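**Student:** My questions will all concern the structure given below.
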Amino acid sequence: MSESPYEIVIGLEVHVQLATNTKLFCRCSTKYGAAPNTQTCPVCLAMPGTLPVMNRHAFELAMQTACALNLEIPRFTKWDRKNYYYPDLPKGYQISQFDLPMSQKGYLLITDPKGQFEPRKVRIIRAHLEEDAGKSMHDEAAGKADSRIDLNRTGTPLLEIVSEPDMRSPLEAKAYLTELKLILEYLGVSDCNMQEGSLRVDANVNLHLLDDDGKKAATPIVEIKNMNSFRAVERAIAYEATRQYEVWQETKQKIGQVPKQTRGWDDQAQVTRGQRHKEESSDYRYFPEPDLAPVTTTEEEVAAVMASLCELPRQMRERLEAEYKIPAYDADVIVNQGRATVEYYETLAKLGGDGKLASNWVQQEVLRVQKERDLEIGGFPISPERLAELIKAVAGKEIDGTRAKDVFAEMLDSDKSAADVMKEMGIEKVDDSELENLCRELLENNPKVVADLKEGKVKAVGALIGQAKKKNPNIDPGTFRQMCIDMSASM
Amino acid sequence: MSLIHASAAQLLTQLESGEITSVELTKACLAQIEGADKQVGSFLRVMTDSALEQAESVDARRKKGEKLGLLAGVPVAIKDLLCTKGEVTTCASKMLENFVPPYDATVISKLKAADAVLIGKTNMDEFAMGGSTENSALGKTRNPWNLDCVPGGSSGGAAACLAASMAPLSIGTDTGGSIRQPASFCGVVGMKPTYGLVSRYGLIAFASSLDQIGPMARTAEDTALLLEAIAGYDPHDSTSANVRIPAYSQSVKQPLKGLRLGIVKEHFGEGLDSEVDAAVQEAIKVYKSLGATVTDISLPHSKYGIAVYYIIAPSEASSNLARFDGAHYGHRCDEAKMLEQLAKERAELEAKGDEEELKKLDTSLVRMYRQSRAEGFGPEVKRRIMLGTYTLSAGYYDAYYLKALKVRRLISNDYETAFKNVDLLIGPTAPTPSFAAGTKTDDPLAMYLGDLFTVTANLAGVGGISIPCGFSKSGMPIGVQLQGPPLAEERLLQAAHMYQTATDWHERRPELS
Ligand SMILES: [Zn+2]
């Protein structure tokens with residue numbers, strides 16, 4: 001443990017909206033952004049007499065996710081009702097899974113190539129399916145106290161992924177979420193759009209520390225809600241740790257002495273705030289949902305899902321490192337950009353013939369331009385096939401790095417090939433004999449440089465590179481430098 | 001025989017031969033309702049216009065020689081908890097007094113597809129909770145055999161309208177005996193099919209794992225006809241059974257050779273009215289005379305039936321009825337008044353400086369829920385919601401709900417064991433004949449005991465049928481119950497028909513002035 005007087009203990013609950021076309025228990029569309037209450041039917045409106053029917057596709061997406069998170073999928077799983085009153089919950093209960101979730105006991109490996117934390121195995125307690133509630137909009141403008149309810153979201157399939165409190169810093173929490181999101185995106189089971197609520201995170205946070213008589217103690221657990229970005233999660237946890245330590249110093253309250261508190265993250269003020277504590281603590285009166293048959297899965301079905309899984313980020317990083325001889329850090333950056341970027345990179349590396357060079361170009365130039373122009377990799381103006389030509393020229397020393405960037409800039413805004421741009425810019429590989437002549441000529445004209453070089457002052461050659469470039473802009477400075485050093489020795 | 005007393009099977013023959021038209025038949029039923037229902041009160045709403053329209057349309061199509069459905073032109077009464085598109089569907093509750101469903105229950109769709117004439121919505125105990133139809137918030141139903149007596153419940157209206165010849169066919173629902181017991185009280189036939197045989201989609205739920213829609217009629221033959229029309233797999237109901245539906249109306253007349261009947265020991269003894277006992281014993285003799293063999297059978301866990309039922313049913317009901325919260329469906333309290341009252345309470349507490357009580361004061365949302373539900377639900381519904389909320393709550397779940405589930409399994413096993421040795425079980429439907437209205441309303445436990453012989457079939461999911469088998473000295477009908485293994489409806493109907501070929505209890509009609 002570091003010098004910090006406490007250790008932060010973090011568990012995360014992530015709600016993932018599954019990418020189905022229709023809701024979990026009816027056939028209404030789940031498309032985001034429709035006019036309120038237009039994507040509803042008697043079933044999701046909880047009309048008296050209606051009954052739910054499970055969407056098998058949602059269950060399949062959940063199974064894929066569970067397999068990717070190393071979770072066990074039992075042969076039998078059932079549905080339960082979680083009863084509570086809220087205006088955006090039209091049935092008065094949510095159909096969820098209580099004691100027999102569709103998956104349990106898995107883990108996610110998180111690593112940090114920058115070395116800010118040790119690699120960690122975050123255990124996952126369970127992942128279960130449930131339906132989303134609707135949305136209440138409180139219109140308190142102009143003294144009105146109107147509440148409007150939009151039930152479009154009601155019944156949207158959610159997968160709730162609950163981790164053990166295995167994370168020890170805001171950075172680890174962020175790494176867990178980043179890796180989880182990446183897996184979900186690679187699988188295509190969710191669009192993970194946090195703005196639209198496709199990915200929602202609650203964090204359970206408390207501190208482990210030593211009390212006055214040196215015994216290990218823990219502060220009461222606080223659940224933080226309303227975080228709408230990973231950055232917010234990171235900051236909220238950091239804030240909460242400091243706050244809890246201050247409260248601890250003042251009250252010495254330990255876990256179990258006060259009820260679990262729920263706090264909301266105020267992104268504007270960058271603080272967590274206590275949410276109104278309901279006197280009647282919720283008793284959800286869970287019981288088996290009598291309107292739905294239990295779901296059974298066979299070993300073959302699970303095996304088929306396992307076999308159908310795509311290459312996951314972790315395996316992909318390892319493969320890129322090995323196959324293209326790039327450092328872990330590079331593989332991490334590329335893989336974290338998503339599957340499309342990996343595909344771009346792989347084409348570039350294969351056709352360009354140099355994995356490391358391709359990695360540099362993707363990280364430095366491609367990502368920079370994407371950011372500047374707000375582009376998805378799919379819409380990047382230079383295809384990997386075209387960019388590969390340029391990389392090949394650089395690798396073959398036909399062109400130096402600086403001028404290659406000029407060519408790249410020109411290619412960005414035209415459909416010309418690298419060869420054409422180079423030709424237009426008069427770039428061509430300088431013949432060895434031509435380079436030798438130039439080198440000799442300049443050395444002969446600059447005896448001081450020759451003398452310096454003989455004394456081992458390699459820097460002196462710099463003065464000649466500028467002159468050489470003026471005479472022939474196509475010379476490769478590196479090759480020229482080496483040639484001068486070699487030649488001066490025999491002068 | 002006059003139109004209104006005829007059986008549906010007879011009426012269909014007459015309709016097909018052109019002897020009568022559906023409009024004539026429907027008008028005859030409507031006239032009988034007009035005349036007799038002021039006294040009986042079996043209908044909450046009579047769908048005069050739409051019924052006549054349906055009748056006209058069937059007649060016209062029949063004239064053209066079109067192929068028609070199984071019930072073409074025959075009036076059917078519907079218990080008022082089946083959602084009927086565009087028709088107020090109330091569950092006999094103030095809560096749903098103005099609820100107009102935008103969709104049809106599957107059973108309603110099937111009846112429409114069978115070209116039945118939907119004649120009206122019948123009265124019931126509120127949300128199907130009760131055994132006498134005295135819990136209806138919207139009207140009183142009386143027993144056509146004696147207007148001072150109850151018709152049974154909760155399908156009291158559904159049974160009474162058959163006995164009073166207002167319709168030849170009627171749809172009821174049975175959660176703990178709600179079809180069979182009123183059938184017995186009113187001297188008609190009522191069947192609770194195997195759980196899952198008839199889709200529950202569109203049935204406003206009382207207790208989902210027990211509720212079952214079933215046919216009611218005056219003869220076993222008609223019951224078979226109606227069951228055939230409404231049974232079948234429904235993709236909208238995941239608990240519905242995906243099985244082939246036999247042509248019950250064809251097979252019902254085949255006598256059962258070597259029928260093995262089991263007499264449930266537990267159904268004869270303390271609590272059983274002596275006249276009921278005698279009538280059922282007579283019925284057993286009739287079966288023997290028809291060649292049936294009879295053995296004693298035990299359902300040892302049936303004594304826990306009522307206790308288990310009154311844990312499971314209210315638990316599910318407390319959850320099923322949560323949607324009636326004033327925010328989405330059903331009655332909402334007068335909000336302006338409610339907010340005013342809340343403000344007054346707050347001001348009083350603030351003046352007193354009572355911080356404790358102030359903290360406990362409802363938010364306006366909670367008060368809205370609370371008050372809307374308090375106003376919308378009747379006392380029996382509230383009693384069961386509270387019971388269910390209690391038995392499901394965290395501290396008591398294991399002691400009550402979970403234990404009830406375990407006993408439910410044992411009751412199921414009893415049936416399985418019994419059906420290894422016999423084809424059907426026979427016994428009384430209800431412990432007593434109908435009783436005078438008002439005599440049990442203050443004693444819910446006494447009322448609950450009326451389900452003694454019927455609840456176990458719901459807990460085990462098996463089918464049961466009640467057929468008229470006699471009358472008490474005071475002239476009230478008595479019913480005998482047959483129960484069968486899962487999906488043995490064909491056998492149950494055959495056995496019921498067999499009995500009706502040898503007896504004429506089902507042909508008697510009450511005299512209504
Ligand atoms: Zn829907």
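A note on labels: chains of the structure tokens are A, B, ... as shown, every chain counts residues from 1, and ligands are counted from 1 in their shown order.
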Output the neighbourhood of ligand 1 as a PyMOL selection string, that is, all protein and nucleic acid residues with some atom at most 12 Å from the ligand, counting only C-alpha atoms and all ligand atoms.
**Tutor:** chain A and resi 21-30+37-47+50-55+90+131+134+151-157
**Student:** If you count only C-alpha atoms, which residues fall within 10 Å of B:Leu82, apart from same-chain ones fewer than 6 positions away, as a list in words?
**Tutor:**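 Once the nearby chain positions are removed, what remains is Pro48 and Gly49 of chain A; Thr89, Thr90, Cys91, Pro101, Asp104, Ala105, Thr106, Val107, Ile108, Lys121, Ile171, Gly172, Thr173, Arg200, Tyr201, Gly202, Leu203, Ile204, Ala205 and Ile213 of chain B.
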**Student:** For a quick test of understanding: name the residues of chain B lying within 8 Å of chain A when counting only C-alpha atoms, and present them as a PyMOL selection string.
**Tutor:** chain B and resi 82-83+101-103+105+200-205+208-209+235-239+319-320+322-323+325+327-329+360+389+392-394
**Student:** Print the selection's residues with C-alpha atoms to a file, as a CSV table (one decimal), in the first residue's frame.
**Tutor:**
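See out05.csv below for the written result:
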chain,number,residue,atom,x,y,z
B,82,LEU,CA,-61.7,-10.4,-20.1
B,83,CYS,CA,-60.4,-7.4,-22.0
B,101,PRO,CA,-59.2,-1.9,-23.3
B,102,PRO,CA,-57.6,-1.1,-26.7
B,103,TYR,CA,-57.2,-4.8,-27.4
B,105,ALA,CA,-58.2,-10.9,-24.9
B,200,ARG,CA,-54.7,-16.0,-20.1
B,201,TYR,CA,-53.8,-13.2,-22.4
B,202,GLY,CA,-56.3,-10.4,-21.8
B,203,LEU,CA,-57.6,-11.9,-18.5
B,204,ILE,CA,-57.1,-9.2,-15.9
B,205,ALA,CA,-55.0,-11.2,-13.5
B,208,SER,CA,-51.4,-15.6,-12.4
B,209,SER,CA,-50.2,-19.1,-11.5
B,235,PRO,CA,-47.8,-17.2,-28.4
B,236,HIS,CA,-48.8,-14.2,-26.3
B,237,ASP,CA,-49.0,-16.3,-23.2
B,238,SER,CA,-45.7,-18.1,-22.3
B,239,THR,CA,-47.5,-20.3,-19.9
B,319,SER,CA,-48.2,-7.7,-7.3
B,320,ASN,CA,-50.7,-8.0,-10.1
B,322,ALA,CA,-49.9,-2.8,-8.3
B,323,ARG,CA,-50.5,-1.4,-11.8
B,325,ASP,CA,-51.9,3.0,-9.0
B,327,ALA,CA,-50.7,7.1,-12.3
B,328,HIS,CA,-51.4,4.7,-15.2
B,329,TYR,CA,-54.7,2.9,-14.8
B,360,LYS,CA,-43.4,10.7,8.0
B,389,THR,CA,-47.8,-7.8,0.8
B,392,LEU,CA,-44.0,-11.7,0.4
B,393,SER,CA,-42.2,-9.2,2.7
B,394,ALA,CA,-38.5,-10.0,3.4
**Student:** So that I can check the surroundings of B:Ser315, please list as a tab-separated table (two decimals) with all heavy atoms, in the first residue's frame every protein, DNA and RNA residue that reaches within 8 Å of it, counting only C-alpha atoms and ignoring chain neighbours fewer than 3 positions away.
**Tutor:**
chain	number	residue	atom	x	y	z
B	207	ALA	N	-54.53	-14.06	-9.70
B	207	ALA	CA	-53.33	-14.79	-9.28
B	207	ALA	C	-52.85	-15.60	-10.49
B	207	ALA	O	-53.40	-16.65	-10.81
B	207	ALA	CB	-53.64	-15.70	-8.11
B	311	ILE	N	-52.20	-18.02	0.71
B	311	ILE	CA	-50.88	-17.37	0.73
B	311	ILE	C	-50.47	-17.04	-0.70
B	311	ILE	O	-50.12	-15.90	-1.01
B	311	ILE	CB	-49.84	-18.27	1.42
B	311	ILE	CG1	-50.13	-18.30	2.92
B	311	ILE	CG2	-48.42	-17.73	1.17
B	311	ILE	CD1	-49.35	-19.35	3.67
B	312	ILE	N	-50.56	-18.03	-1.58
B	312	ILE	CA	-50.09	-17.82	-2.96
B	312	ILE	C	-50.97	-16.82	-3.72
B	312	ILE	O	-50.46	-15.89	-4.35
B	312	ILE	CB	-50.00	-19.16	-3.70
B	312	ILE	CG1	-48.83	-19.96	-3.11
B	312	ILE	CG2	-49.77	-18.94	-5.20
B	312	ILE	CD1	-48.67	-21.34	-3.66
B	318	SER	N	-51.25	-9.16	-4.90
B	318	SER	CA	-50.70	-7.89	-4.40
B	318	SER	C	-49.79	-7.28	-5.45
B	318	SER	O	-49.71	-6.07	-5.60
B	318	SER	CB	-49.93	-8.10	-3.09
B	318	SER	OG	-48.74	-8.81	-3.31
B	319	SER	N	-49.10	-8.12	-6.20
B	319	SER	CA	-48.22	-7.66	-7.26
B	319	SER	C	-49.00	-7.33	-8.54
B	319	SER	O	-48.80	-6.29	-9.15
B	319	SER	CB	-47.16	-8.74	-7.51
B	319	SER	OG	-46.38	-8.44	-8.62
B	384	ARG	N	-56.80	-8.76	0.71
B	384	ARG	CA	-55.87	-9.71	0.07
B	384	ARG	C	-54.57	-9.03	-0.33
B	384	ARG	O	-53.52	-9.66	-0.28
B	384	ARG	CB	-56.55	-10.35	-1.14
B	384	ARG	CG	-57.77	-11.15	-0.69
B	384	ARG	CD	-58.16	-12.20	-1.66
B	384	ARG	NE	-59.50	-12.71	-1.34
B	384	ARG	CZ	-60.06	-13.73	-1.97
B	384	ARG	NH1	-59.41	-14.34	-2.93
B	384	ARG	NH2	-61.26	-14.14	-1.64
B	385	ILE	N	-54.64	-7.77	-0.73
B	385	ILE	CA	-53.39	-7.07	-1.06
B	385	ILE	C	-52.51	-6.98	0.19
B	385	ILE	O	-51.30	-7.24	0.13
B	385	ILE	CB	-53.68	-5.66	-1.62
B	385	ILE	CG1	-54.28	-5.75	-3.02
B	385	ILE	CG2	-52.40	-4.80	-1.66
B	385	ILE	CD1	-54.73	-4.42	-3.59
B	387	LEU	N	-52.60	-8.96	2.80
B	387	LEU	CA	-52.15	-10.31	3.12
B	387	LEU	C	-50.95	-10.69	2.24
B	387	LEU	O	-49.93	-11.19	2.73
B	387	LEU	CB	-53.32	-11.27	2.87
B	387	LEU	CG	-53.28	-12.66	3.48
B	387	LEU	CD1	-53.13	-12.56	4.99
B	387	LEU	CD2	-54.58	-13.40	3.14
B	388	GLY	N	-51.08	-10.42	0.96
B	388	GLY	CA	-50.02	-10.77	0.02
B	388	GLY	C	-48.75	-9.96	0.24
B	388	GLY	O	-47.64	-10.49	0.14
B	389	THR	N	-48.92	-8.70	0.55
B	389	THR	CA	-47.76	-7.84	0.79
B	389	THR	C	-47.00	-8.36	2.01
B	389	THR	O	-45.78	-8.40	2.04
B	389	THR	CB	-48.23	-6.39	1.01
B	389	THR	OG1	-48.99	-5.99	-0.12
B	389	THR	CG2	-47.04	-5.46	1.17
B	391	THR	N	-47.08	-11.56	3.26
B	391	THR	CA	-46.45	-12.87	3.08
B	391	THR	C	-45.25	-12.82	2.15
B	391	THR	O	-44.39	-13.68	2.19
B	391	THR	CB	-47.45	-13.92	2.55
B	391	THR	OG1	-48.17	-13.37	1.45
B	391	THR	CG2	-48.42	-14.33	3.62
B	392	LEU	N	-45.17	-11.78	1.32
B	392	LEU	CA	-44.00	-11.66	0.44
B	392	LEU	C	-42.88	-10.84	1.06
B	392	LEU	O	-41.77	-10.82	0.55
B	392	LEU	CB	-44.40	-10.99	-0.89
B	392	LEU	CG	-45.14	-11.83	-1.92
B	392	LEU	CD1	-45.42	-10.98	-3.15
B	392	LEU	CD2	-44.33	-13.06	-2.32
B	401	TYR	N	-44.55	-17.73	2.00
B	401	TYR	CA	-44.62	-17.95	0.55
B	401	TYR	C	-43.84	-19.20	0.13
B	401	TYR	O	-44.34	-20.08	-0.57
B	401	TYR	CB	-44.11	-16.72	-0.20
B	401	TYR	CG	-44.32	-16.84	-1.69
B	401	TYR	CD1	-45.57	-16.60	-2.25
B	401	TYR	CD2	-43.29	-17.24	-2.53
B	401	TYR	CE1	-45.79	-16.73	-3.61
B	401	TYR	CE2	-43.50	-17.38	-3.89
B	401	TYR	CZ	-44.74	-17.13	-4.42
B	401	TYR	OH	-44.95	-17.27	-5.76
**Student:** For the structure I just gave you, how does DSSP split stretch 241-389 of chain B - specifically, which residues are helix (DSSP H, G or I)? Reply as an MDAnalysis selection string.
**Tutor:** chainID B and resid 248:251 265:267 274:289 300:323 335:352 355:360 364:376 379:389
**Student:** Extract, using only C-alpha atoms, all DNA, RNA and protein residues at most 9 Å from A:Leu177, discarding same-chain residues fewer than 2 positions from it, and format them as a ChimeraX atom specification.
**Tutor:** /A:12,14,172-175,179-182,201,230
**Student:** Restricting the calculation to only C-alpha atoms: of B:Cys161, B:Leu512, B:Leu15, B:Ala317, which residue gets closest to B:Arg62?
**Tutor:**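 Of all the options, B:Leu15 lies closest to B:Arg62.
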